[in-house]
Structure formats: C-alpha cells, structure tokens
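Participant: One structure follows; several queries about it will come next.
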Amino acid sequence: MPTDVVSGTCVYDPSRLSPAQCMGDACVVCHTKWPRPRRILGELPDGAHVYGCDECAGLMGYRPVPARRSLIVAR
Ligand SMILES: [Zn+2]
C-alpha cells in the first residue's frame, strides 16, 4: 500500500512496481500501458513520478474525501 508522507503525495515502493511502472510507462495500479497513463498518482522515494490511467486515478480518489465520511454525514 502506498504510504502518505506529505499530504496528497503517495510514495510508492519501487521494489513492488514493475520496471515499466517505475518508468511511468505503465499504470501503477492496473499495469495498463496503453493508453499511456497520464495522471500522476504519486512518486518514488527518489522523487520520480509514477503515473496511472484516468480510471485508476478516479478509483484512488483524486478528491480528498474519504468514503467513510458519507456514513458519518448520512447517520
Ligand atoms: Zn490503471
């Protein structure tokens, strides 16, 4: 699992990613290489960005609203 280090920035462990994912050639979530992932989903410890496709970016919640919140609001 990615670890939150700075708010909004996920740092991924490169040992758990494929070389293509580390290079930004493949989505870090679903390994899709085409269409080329364009959303920055986080970074590696060396500061290189890792990318994800639009779908996975949406799944990972680009909006910083936790799913739990709706339960609290709904009561
Ligand atoms: Zn993806």
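Labels used: A, B, ... for chains in the order of the structure tokens, numbers from 1 for residues in each chain, and numbers from 1 for ligands as shown.
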Tell me, counting only C-alpha atoms and all ligand atoms, for each residue of chain A within 12 Å of ligand 1, which pair of atoms is nearest and how far apart they are in Å to one decimal, in rows ordered by chain and increasing number, as a tab-separated table.

Facilitator:
```
residue	atom	partner	partner_atom_place_in_ligand_line	distance
A:Gln21	CA	ligand 1	1 (Zn)	10.6
A:Gly24	CA	ligand 1	1 (Zn)	11.7
A:Asp25	CA	ligand 1	1 (Zn)	11.3
A:Ala26	CA	ligand 1	1 (Zn)	8.0
A:Cys27	CA	ligand 1	1 (Zn)	4.7
A:Val28	CA	ligand 1	1 (Zn)	6.6
A:Val29	CA	ligand 1	1 (Zn)	5.0
A:Cys30	CA	ligand 1	1 (Zn)	4.2
A:His31	CA	ligand 1	1 (Zn)	6.2
A:Thr32	CA	ligand 1	1 (Zn)	5.7
A:Lys33	CA	ligand 1	1 (Zn)	8.6
A:Trp34	CA	ligand 1	1 (Zn)	9.6
A:Pro35	CA	ligand 1	1 (Zn)	9.6
A:Arg36	CA	ligand 1	1 (Zn)	9.5
A:Pro37	CA	ligand 1	1 (Zn)	7.2
A:Arg38	CA	ligand 1	1 (Zn)	10.0
A:Arg39	CA	ligand 1	1 (Zn)	9.5
A:Ile40	CA	ligand 1	1 (Zn)	11.3
A:Leu41	CA	ligand 1	1 (Zn)	10.1
A:Val50	CA	ligand 1	1 (Zn)	11.4
A:Tyr51	CA	ligand 1	1 (Zn)	8.6
A:Gly52	CA	ligand 1	1 (Zn)	5.1
A:Cys53	CA	ligand 1	1 (Zn)	4.3
A:Asp54	CA	ligand 1	1 (Zn)	6.9
A:Glu55	CA	ligand 1	1 (Zn)	5.9
A:Cys56	CA	ligand 1	1 (Zn)	4.4
A:Ala57	CA	ligand 1	1 (Zn)	7.2
A:Gly58	CA	ligand 1	1 (Zn)	9.4
A:Leu59	CA	ligand 1	1 (Zn)	9.0
A:Met60	CA	ligand 1	1 (Zn)	9.9
```

Participant: In Å, with one decimal, what is the gap from CA of His49 in chain A to CA of Cys22 in chain A?

Facilitator: 8.1 Å

Participant: Distance CA of Gly61 in chain A-CA of Asp46 in chain A, one decimal place?

Facilitator: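 Separating CA of Gly61 in chain A from CA of Asp46 in chain A is a distance of 23.9 Å.
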
Participant: If we count only C-alpha atoms and set the cut-off at 12 Å, which residues sit around Gly47 in chain A, ignoring sequence neighbours fewer than 6 positions away in its own chain? Please answer as a list of chain:residue names.

Facilitator: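 The residues satisfying every condition are A:Thr9, A:Cys10, A:Val11, A:Tyr12, A:Asp13, A:Pro14, A:Cys22, A:Met23, A:Ile40.
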